[in-house]
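Peer 1: This one is final.cif, mmCIF, C-alpha atoms.
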data_upload
#
loop_
_atom_site.group_PDB
_atom_site.id
_atom_site.type_symbol
_atom_site.label_atom_id
_atom_site.label_comp_id
_atom_site.auth_asym_id
_atom_site.auth_seq_id
_atom_site.Cartn_x
_atom_site.Cartn_y
_atom_site.Cartn_z
ATOM 1 C CA MET P 1 -28.736 -33.876 -9.412
ATOM 2 C CA SER P 2 -28.674 -33.119 -5.714
ATOM 3 C CA ARG P 3 -29.574 -29.769 -4.205
ATOM 4 C CA PHE P 4 -26.413 -29.827 -2.074
ATOM 5 C CA ASP P 5 -22.787 -30.288 -3.091
ATOM 6 C CA PHE P 6 -20.964 -31.695 -0.069
ATOM 7 C CA VAL P 7 -17.250 -30.927 0.184
ATOM 8 C CA SER P 8 -14.521 -31.885 2.609
ATOM 9 C CA THR P 9 -12.801 -29.481 4.966
ATOM 10 C CA GLN P 10 -9.606 -30.037 2.968
ATOM 11 C CA GLU P 11 -11.383 -28.923 -0.230
ATOM 12 C CA ILE P 12 -12.643 -25.765 1.481
ATOM 13 C CA ASP P 13 -9.123 -25.009 2.741
ATOM 14 C CA ALA P 14 -7.679 -25.628 -0.732
ATOM 15 C CA ARG P 15 -10.224 -23.259 -2.304
ATOM 16 C CA VAL P 16 -9.430 -20.560 0.234
ATOM 17 C CA GLN P 17 -5.690 -21.044 -0.413
ATOM 18 C CA ARG P 18 -6.255 -20.684 -4.175
ATOM 19 C CA GLY P 19 -7.859 -17.317 -3.459
ATOM 20 C CA VAL P 20 -4.626 -15.941 -1.983
ATOM 21 C CA PRO P 21 -2.633 -14.073 -4.663
ATOM 22 C CA GLU P 22 0.612 -15.759 -5.714
ATOM 23 C CA ASN P 23 2.761 -12.768 -4.723
ATOM 24 C CA THR P 24 1.192 -12.715 -1.252
ATOM 25 C CA ARG P 25 1.920 -16.418 -0.853
ATOM 26 C CA LYS P 26 5.543 -15.852 -1.894
ATOM 27 C CA ALA P 27 5.914 -12.888 0.477
ATOM 28 C CA ASN P 28 4.503 -14.943 3.352
ATOM 29 C CA THR P 29 6.835 -17.859 2.616
ATOM 30 C CA PHE P 30 9.812 -15.492 2.475
ATOM 31 C CA ALA P 31 8.884 -13.825 5.785
ATOM 32 C CA LEU P 32 8.444 -17.159 7.550
ATOM 33 C CA ARG P 33 11.756 -18.462 6.198
ATOM 34 C CA VAL P 34 13.531 -15.357 7.481
ATOM 35 C CA TYR P 35 11.934 -15.841 10.903
ATOM 36 C CA GLU P 36 12.824 -19.558 11.040
ATOM 37 C CA SER P 37 16.438 -18.894 9.999
ATOM 38 C CA TRP P 38 16.779 -16.121 12.579
ATOM 39 C CA GLN P 39 15.221 -18.215 15.348
ATOM 40 C CA GLU P 40 17.531 -21.170 14.642
ATOM 41 C CA ALA P 41 20.653 -18.961 14.468
ATOM 42 C CA ARG P 42 19.634 -17.044 17.620
ATOM 43 C CA SER P 43 18.962 -20.243 19.570
ATOM 44 C CA ALA P 44 22.330 -21.675 18.530
ATOM 45 C CA ALA P 45 24.237 -18.478 19.358
ATOM 46 C CA VAL P 46 22.463 -17.651 22.631
ATOM 47 C CA PRO P 47 20.923 -20.909 23.915
ATOM 48 C CA LEU P 48 19.884 -19.491 27.292
ATOM 49 C CA ASP P 49 17.825 -16.691 25.718
ATOM 50 C CA ARG P 50 15.132 -18.792 24.043
ATOM 51 C CA PHE P 51 12.816 -17.384 21.361
ATOM 52 C CA PRO P 52 9.699 -19.099 19.994
ATOM 53 C CA THR P 53 9.647 -21.241 16.888
ATOM 54 C CA LEU P 54 7.056 -20.404 14.250
ATOM 55 C CA ALA P 55 4.741 -23.069 15.618
ATOM 56 C CA GLU P 56 5.011 -21.562 19.104
ATOM 57 C CA LEU P 57 4.534 -17.903 18.091
ATOM 58 C CA ALA P 58 0.740 -17.992 18.228
ATOM 59 C CA PHE P 59 0.744 -19.320 21.788
ATOM 60 C CA PHE P 60 3.005 -16.671 23.297
ATOM 61 C CA SER P 61 1.602 -13.822 25.339
ATOM 62 C CA LYS P 62 1.575 -10.358 23.793
ATOM 63 C CA ASP P 63 4.517 -9.302 25.988
ATOM 64 C CA ASP P 64 6.629 -12.323 25.042
ATOM 65 C CA LEU P 65 5.659 -11.969 21.382
ATOM 66 C CA SER P 66 6.627 -8.275 21.475
ATOM 67 C CA ARG P 67 9.995 -9.113 23.013
ATOM 68 C CA ALA P 68 10.781 -11.827 20.476
ATOM 69 C CA LEU P 69 9.694 -9.816 17.455
ATOM 70 C CA SER P 70 11.543 -6.723 18.688
ATOM 71 C CA HIS P 71 14.790 -8.706 18.734
ATOM 72 C CA PHE P 72 13.896 -10.179 15.354
ATOM 73 C CA VAL P 73 13.378 -6.739 13.756
ATOM 74 C CA PHE P 74 16.674 -5.380 15.055
ATOM 75 C CA GLU P 75 18.750 -8.501 14.368
ATOM 76 C CA ILE P 76 17.720 -9.781 10.943
ATOM 77 C CA ARG P 77 19.981 -9.279 7.955
ATOM 78 C CA ARG P 78 19.936 -10.376 4.344
ATOM 79 C CA GLN P 79 21.862 -13.517 3.439
ATOM 80 C CA ASP P 80 24.819 -11.389 2.305
ATOM 81 C CA GLY P 81 24.922 -9.751 5.765
ATOM 82 C CA LYS P 82 23.618 -6.361 4.626
ATOM 83 C CA GLU P 83 20.644 -4.789 6.366
ATOM 84 C CA TYR P 84 17.166 -5.093 4.927
ATOM 85 C CA PRO P 85 15.622 -1.842 3.672
ATOM 86 C CA PRO P 86 12.742 -0.447 5.766
ATOM 87 C CA GLY P 87 10.163 -1.577 3.203
ATOM 88 C CA SER P 88 11.431 -5.147 3.432
ATOM 89 C CA ILE P 89 11.248 -5.059 7.238
ATOM 90 C CA HIS P 90 7.631 -3.902 6.963
ATOM 91 C CA GLY P 91 6.862 -6.603 4.388
ATOM 92 C CA ILE P 92 8.415 -9.327 6.542
ATOM 93 C CA MET P 93 6.392 -8.218 9.554
ATOM 94 C CA CYS P 94 3.219 -8.175 7.416
ATOM 95 C CA GLY P 95 3.975 -11.761 6.349
ATOM 96 C CA ILE P 96 4.264 -12.788 10.005
ATOM 97 C CA ILE P 97 0.958 -11.060 10.786
ATOM 98 C CA ARG P 98 -0.732 -12.911 7.915
ATOM 99 C CA TYR P 99 0.695 -16.187 9.242
ATOM 100 C CA LEU P 100 -0.637 -15.495 12.752
ATOM 101 C CA ARG P 101 -4.005 -14.313 11.425
ATOM 102 C CA ASP P 102 -4.648 -16.886 8.695
ATOM 103 C CA ASP P 103 -2.709 -20.032 9.582
ATOM 104 C CA CYS P 104 -2.849 -19.767 13.376
ATOM 105 C CA GLU P 105 -6.340 -18.191 13.440
ATOM 106 C CA ARG P 106 -5.195 -15.423 15.813
ATOM 107 C CA PRO P 107 -6.412 -12.158 14.187
ATOM 108 C CA GLU P 108 -6.069 -10.268 17.473
ATOM 109 C CA LEU P 109 -2.279 -10.566 17.210
ATOM 110 C CA ASN P 110 -2.085 -7.883 14.505
ATOM 111 C CA PHE P 111 0.648 -5.677 15.947
ATOM 112 C CA PHE P 112 0.075 -2.880 13.403
ATOM 113 C CA ASN P 113 -3.433 -2.322 14.753
ATOM 114 C CA GLU P 114 -3.263 0.455 17.348
ATOM 115 C CA ASP P 115 -6.064 -0.939 19.514
ATOM 116 C CA ASN P 116 -4.631 -4.288 20.520
ATOM 117 C CA GLY P 117 -1.790 -3.732 22.978
ATOM 118 C CA PHE P 118 1.318 -3.898 20.805
ATOM 119 C CA HIS P 119 2.276 -0.237 21.247
ATOM 120 C CA CYS P 120 5.838 -1.052 22.358
ATOM 121 C CA LEU P 121 6.464 -3.401 19.407
ATOM 122 C CA ARG P 122 5.051 -0.868 16.921
ATOM 123 C CA ARG P 123 7.395 1.808 18.330
ATOM 124 C CA ARG P 124 10.355 -0.537 18.012
ATOM 125 C CA ILE P 125 9.519 -1.476 14.419
ATOM 126 C CA HIS P 126 9.109 2.201 13.584
ATOM 127 C CA ARG P 127 12.433 3.065 15.243
ATOM 128 C CA ARG P 128 14.263 0.310 13.376
ATOM 129 C CA MET P 129 12.866 1.565 10.086
ATOM 130 C CA GLN P 130 13.914 5.128 11.027
ATOM 131 C CA GLU P 131 17.457 3.962 11.786
ATOM 132 C CA LEU P 132 17.722 2.232 8.441
ATOM 133 C CA THR P 133 16.420 5.305 6.619
ATOM 134 C CA GLU P 134 18.896 7.515 8.488
ATOM 135 C CA LYS P 135 21.711 5.201 7.374
ATOM 136 C CA GLY P 136 20.474 5.508 3.793
ATOM 137 C CA VAL P 137 19.484 1.852 3.514
ATOM 138 C CA GLY P 138 16.877 1.408 0.815
ATOM 139 C CA ILE P 139 16.356 5.073 0.041
ATOM 140 C CA HIS P 140 17.765 4.848 -3.487
ATOM 141 C CA ARG P 141 15.274 3.100 -5.703
ATOM 142 C CA ARG P 142 16.316 1.588 -8.992
ATOM 143 C CA GLN P 143 14.583 3.192 -11.905
ATOM 144 C CA ALA P 144 14.934 3.274 -15.634
ATOM 145 C CA ALA P 145 17.028 6.048 -17.127
ATOM 146 C CA ALA P 146 15.057 8.870 -18.672
ATOM 147 C CA LEU P 147 14.865 8.913 -22.455
ATOM 148 C CA GLU P 148 16.647 11.659 -24.305
ATOM 149 C CA GLU P 149 14.453 13.784 -26.557
ATOM 150 C CA ASP P 150 15.947 12.243 -29.732
ATOM 151 C CA ASP P 151 15.401 8.697 -28.383
ATOM 152 C CA GLU P 152 11.798 9.535 -27.556
ATOM 153 C CA LYS P 153 11.110 10.541 -31.175
ATOM 154 C CA VAL P 154 12.264 7.192 -32.598
ATOM 155 C CA PRO P 155 9.113 5.176 -31.715
ATOM 156 C CA TRP P 156 6.893 7.962 -33.057
ATOM 157 C CA THR P 157 8.720 8.294 -36.375
ATOM 158 C CA SER P 158 9.057 4.552 -36.891
ATOM 159 C CA GLY P 159 5.329 3.948 -36.380
ATOM 160 C CA ALA P 160 5.866 1.603 -33.435
#
Take the structure in the file and write it out as structure tokens.

Peer 2:
Amino acid sequence: MSRFDFVSTQEIDARVQRGVPENTRKANTFALRVYESWQEARSAAVPLDRFPTLAELAFFSKDDLSRALSHFVFEIRRQDGKEYPPGSIHGIMCGIIRYLRDDCERPELNFFNEDNGFHCLRRRIHRRMQELTEKGVGIHRRQAAALEEDDEKVPWTSGA
């Protein structure tokens, strides 16, 4: 038996990927799909006003990134055309941050961190979420109906 266990870079990357929770992976994939769909639709609708593809995002300056993501936040809609709730907007932006940080190895592009020059983008995200809240989008959460007192007694009397 050898003292060292040599592994490939691909094996290290695979192990790191396995350490990412499944729900985080799904949220990231969703966020990136929303961005890609928006970018393709935007480029087709307004060809002269070009926005970066996902692959290009990490190479854009902070100002250009702020401009693109500001448009993104204000323009995205669900597939049925309804607006995303504020929490979904925040989740999508977090997925994009994780992509920039983890996949593109650009941790300084975290636009929710107050110390890194994305003040304008943060204000725009916040304003968009305020607008949605003011419209009532996403403020009604689904929840289970409360049990009536008689219904609550049933599990206790039945020994469940």

Peer 1: Which neighbours of range 100-108 of chain P fall inside 10 Å, counting all atoms listed in the file, when residues of the same chain fewer than 2 positions from it are skipped, and could you give them as a ChimeraX atom specification?

Peer 2: /P:54-59,62,94-98,110-111,113,115-117

Peer 1: For range 75-86 of chain P, find every residue with an atom within 6 Å (counting all atoms listed in the file), except residues of its own chain fewer than 2 positions away, and show them as a JSON list (two decimals) with C-alpha atoms, in the frame of the given file.

Peer 2:
[["chain", "number", "residue", "atom", "x", "y", "z"],
["P", 71, "HIS", "CA", 14.79, -8.71, 18.73],
["P", 72, "PHE", "CA", 13.90, -10.18, 15.35],
["P", 73, "VAL", "CA", 13.38, -6.74, 13.76],
["P", 88, "SER", "CA", 11.43, -5.15, 3.43],
["P", 89, "ILE", "CA", 11.25, -5.06, 7.24],
["P", 129, "MET", "CA", 12.87, 1.56, 10.09],
["P", 137, "VAL", "CA", 19.48, 1.85, 3.51],
["P", 138, "GLY", "CA", 16.88, 1.41, 0.82]]

Peer 1: Would you please work out which residue, of P:Trp38, P:Ala45, P:Val16, P:Gly87, is nearest to Thr133 in chain P when using all atoms listed in the file?

Peer 2: P:Gly87

Peer 1: Of the candidates P:Leu32, P:Ile12, P:Leu69, P:Val20, which shows the shortest atom-to-atom distance to Arg122 in chain P, using only C-alpha atoms?

Peer 2: P:Leu69

Peer 1: Need to verify the contact set: Leu121 in chain P, 9 Å, only C-alpha atoms, exclusion of same-chain residues closer than 6 positions in sequence. Can you return it as a compact mmCIF listing (two decimals) with C-alpha atoms, in the frame of the given file?

Peer 2:
# COMPACT_ATOMS: atom_id res chain seq x y z
CA LEU P 65 5.66 -11.97 21.38
CA SER P 66 6.63 -8.28 21.48
CA ARG P 67 9.99 -9.11 23.01
CA LEU P 69 9.69 -9.82 17.45
CA SER P 70 11.54 -6.72 18.69
CA PHE P 111 0.65 -5.68 15.95
CA PHE P 112 0.08 -2.88 13.40

Peer 1: For each of P:His90, P:Arg3, P:Lys135, P:Arg15, take the minimum atom-to-atom distance to Ala31 in chain P, counting all atoms listed in the file, then give the residue where this is smallest.

Peer 2: P:His90

Peer 1: May I ask which of the residues P:Leu132, P:Met93, P:Ile125, P:Cys120 is the closest one to Tyr35 in chain P, counting all atoms listed in the file?

Peer 2: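 Nearest to Tyr35 in chain P: P:Met93.
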
Peer 1: To one decimal in Å, tell me the separation between CA of Glu22 in chain P and CA of Ala145 in chain P.

Peer 2: 29.6 Å

Peer 1: May I ask for the distance between CA of Thr53 in chain P and CA of Ala27 in chain P, given in Å to one decimal place?

Peer 2: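 Computed distance, CA of Thr53 in chain P to CA of Ala27 in chain P, equals 18.8 Å.
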
Peer 1: One decimal, in Å: what's the spacing between CA of His126 in chain P and CA of Gly91 in chain P?

Peer 2: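 Separation between CA of His126 in chain P and CA of Gly91 in chain P: 12.9 Å.
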
Peer 1: So, with all atoms listed in the file as the atoms that count, which of P:Glu114, P:Asn28, P:Tyr99, P:Arg124 lies closest to Ala68 in chain P?

Peer 2: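 Nearest to Ala68 in chain P: P:Arg124.
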
Peer 1: Which one is closest to Asp64 in chain P: P:Phe4, P:Phe118, P:Ser43, P:Asn23? Count only C-alpha atoms.

Peer 2: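 Under the stated criterion, the closest residue is P:Phe118.
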
Peer 1: So that I can look at just that part, could you write range 113-127 of chain P with all heavy atoms, as a CSV table (one decimal), in the first residue's frame?

Peer 2:
chain,number,residue,atom,x,y,z
P,113,ASN,N,-22.7,41.3,-2.3
P,113,ASN,CA,-21.7,41.8,-1.3
P,113,ASN,C,-21.6,43.3,-1.5
P,113,ASN,O,-21.3,43.8,-2.6
P,113,ASN,CB,-20.4,41.1,-1.6
P,113,ASN,CG,-19.3,41.5,-0.6
P,113,ASN,OD1,-19.4,42.5,0.1
P,113,ASN,ND2,-18.3,40.7,-0.6
P,114,GLU,N,-21.7,44.0,-0.4
P,114,GLU,CA,-21.8,45.5,-0.5
P,114,GLU,C,-20.4,46.1,-0.8
P,114,GLU,O,-20.3,47.3,-1.1
P,114,GLU,CB,-22.3,46.1,0.8
P,114,GLU,CG,-23.7,45.6,1.1
P,114,GLU,CD,-24.5,46.6,1.8
P,114,GLU,OE1,-24.1,47.7,2.1
P,114,GLU,OE2,-25.7,46.2,2.1
P,115,ASP,N,-19.3,45.4,-0.7
P,115,ASP,CA,-18.0,46.0,-0.8
P,115,ASP,C,-17.4,45.8,-2.2
P,115,ASP,O,-16.2,46.0,-2.3
P,115,ASP,CB,-17.0,45.3,0.2
P,115,ASP,CG,-17.5,45.5,1.7
P,115,ASP,OD1,-18.2,46.6,1.9
P,115,ASP,OD2,-17.2,44.7,2.5
P,116,ASN,N,-18.1,45.4,-3.2
P,116,ASN,CA,-17.4,45.0,-4.4
P,116,ASN,C,-17.9,45.8,-5.7
P,116,ASN,O,-17.6,45.4,-6.8
P,116,ASN,CB,-17.5,43.5,-4.7
P,116,ASN,CG,-18.9,43.1,-4.9
P,116,ASN,OD1,-19.8,43.9,-4.9
P,116,ASN,ND2,-19.1,41.8,-5.1
P,117,GLY,N,-18.6,46.9,-5.5
P,117,GLY,CA,-18.8,47.8,-6.6
P,117,GLY,C,-20.1,47.5,-7.4
P,117,GLY,O,-20.2,48.0,-8.6
P,118,PHE,N,-21.0,46.8,-6.9
P,118,PHE,CA,-22.3,46.5,-7.6
P,118,PHE,C,-23.5,47.2,-7.0
P,118,PHE,O,-24.6,46.7,-7.0
P,118,PHE,CB,-22.5,45.0,-7.6
P,118,PHE,CG,-21.7,44.2,-8.6
P,118,PHE,CD1,-20.6,43.5,-8.2
P,118,PHE,CD2,-22.0,44.3,-10.0
P,118,PHE,CE1,-19.9,42.8,-9.1
P,118,PHE,CE2,-21.3,43.6,-10.9
P,118,PHE,CZ,-20.2,42.9,-10.5
P,119,HIS,N,-23.2,48.4,-6.4
P,119,HIS,CA,-24.2,49.1,-5.7
P,119,HIS,C,-25.5,49.4,-6.6
P,119,HIS,O,-26.6,49.2,-6.2
P,119,HIS,CB,-23.7,50.5,-5.2
P,119,HIS,CG,-24.7,51.3,-4.5
P,119,HIS,ND1,-25.2,51.0,-3.3
P,119,HIS,CD2,-25.3,52.4,-4.9
P,119,HIS,CE1,-26.1,51.9,-3.0
P,119,HIS,NE2,-26.2,52.8,-3.9
P,120,CYS,N,-25.2,49.8,-7.8
P,120,CYS,CA,-26.3,50.1,-8.7
P,120,CYS,C,-27.2,48.9,-9.0
P,120,CYS,O,-28.4,48.9,-9.0
P,120,CYS,CB,-25.7,50.7,-10.0
P,120,CYS,SG,-27.0,51.4,-11.1
P,121,LEU,N,-26.5,47.8,-9.3
P,121,LEU,CA,-27.3,46.5,-9.6
P,121,LEU,C,-28.1,46.1,-8.3
P,121,LEU,O,-29.2,45.7,-8.5
P,121,LEU,CB,-26.3,45.4,-10.0
P,121,LEU,CG,-26.9,44.0,-10.3
P,121,LEU,CD1,-28.0,44.1,-11.3
P,121,LEU,CD2,-25.9,43.0,-10.7
P,122,ARG,N,-27.5,46.1,-7.2
P,122,ARG,CA,-28.2,45.8,-5.9
P,122,ARG,C,-29.4,46.6,-5.8
P,122,ARG,O,-30.5,46.1,-5.4
P,122,ARG,CB,-27.3,45.9,-4.7
P,122,ARG,CG,-26.5,44.7,-4.3
P,122,ARG,CD,-25.9,44.8,-2.9
P,122,ARG,NE,-25.3,46.0,-2.6
P,122,ARG,CZ,-24.1,46.4,-3.1
P,122,ARG,NH1,-23.4,45.6,-3.9
P,122,ARG,NH2,-23.5,47.6,-2.8
P,123,ARG,N,-29.3,47.9,-6.0
P,123,ARG,CA,-30.5,48.8,-5.9
P,123,ARG,C,-31.6,48.5,-6.9
P,123,ARG,O,-32.7,48.5,-6.6
P,123,ARG,CB,-30.0,50.3,-6.1
P,123,ARG,CG,-29.5,51.0,-4.9
P,123,ARG,CD,-29.3,52.5,-5.1
P,123,ARG,NE,-30.0,53.1,-6.2
P,123,ARG,CZ,-29.4,53.9,-7.1
P,123,ARG,NH1,-28.2,54.2,-7.0
P,123,ARG,NH2,-30.1,54.4,-8.1
P,124,ARG,N,-31.2,48.1,-8.1
P,124,ARG,CA,-32.1,47.7,-9.1
P,124,ARG,C,-32.8,46.4,-8.8
P,124,ARG,O,-34.0,46.3,-9.0
P,124,ARG,CB,-31.4,47.6,-10.5
P,124,ARG,CG,-31.0,49.0,-11.0
P,124,ARG,CD,-30.2,49.0,-12.2
P,124,ARG,NE,-29.9,50.3,-12.7
P,124,ARG,CZ,-29.0,50.6,-13.6
P,124,ARG,NH1,-28.4,49.6,-14.2
P,124,ARG,NH2,-28.8,51.8,-14.0
P,125,ILE,N,-32.1,45.4,-8.3
P,125,ILE,CA,-32.7,44.2,-7.9
P,125,ILE,C,-33.7,44.4,-6.7
P,125,ILE,O,-34.8,43.9,-6.8
P,125,ILE,CB,-31.6,43.2,-7.4
P,125,ILE,CG1,-30.7,42.7,-8.6
P,125,ILE,CG2,-32.3,41.9,-6.7
P,125,ILE,CD1,-29.5,41.9,-8.2
P,126,HIS,N,-33.3,45.2,-5.8
P,126,HIS,CA,-34.1,45.6,-4.6
P,126,HIS,C,-35.4,46.3,-5.1
P,126,HIS,O,-36.5,46.0,-4.7
P,126,HIS,CB,-33.4,46.5,-3.6
P,126,HIS,CG,-34.2,46.8,-2.5
P,126,HIS,ND1,-34.5,45.9,-1.5
P,126,HIS,CD2,-34.7,48.0,-2.1
P,126,HIS,CE1,-35.2,46.6,-0.5
P,126,HIS,NE2,-35.4,47.8,-0.9
P,127,ARG,N,-35.2,47.2,-6.0
P,127,ARG,CA,-36.4,47.9,-6.6
P,127,ARG,C,-37.4,47.0,-7.3
P,127,ARG,O,-38.6,47.1,-7.1
P,127,ARG,CB,-36.0,49.1,-7.5
P,127,ARG,CG,-37.1,49.9,-8.0
P,127,ARG,CD,-37.9,50.5,-6.9
P,127,ARG,NE,-39.2,51.0,-7.4
P,127,ARG,CZ,-40.4,50.9,-6.7
P,127,ARG,NH1,-40.4,50.4,-5.5
P,127,ARG,NH2,-41.5,51.3,-7.3
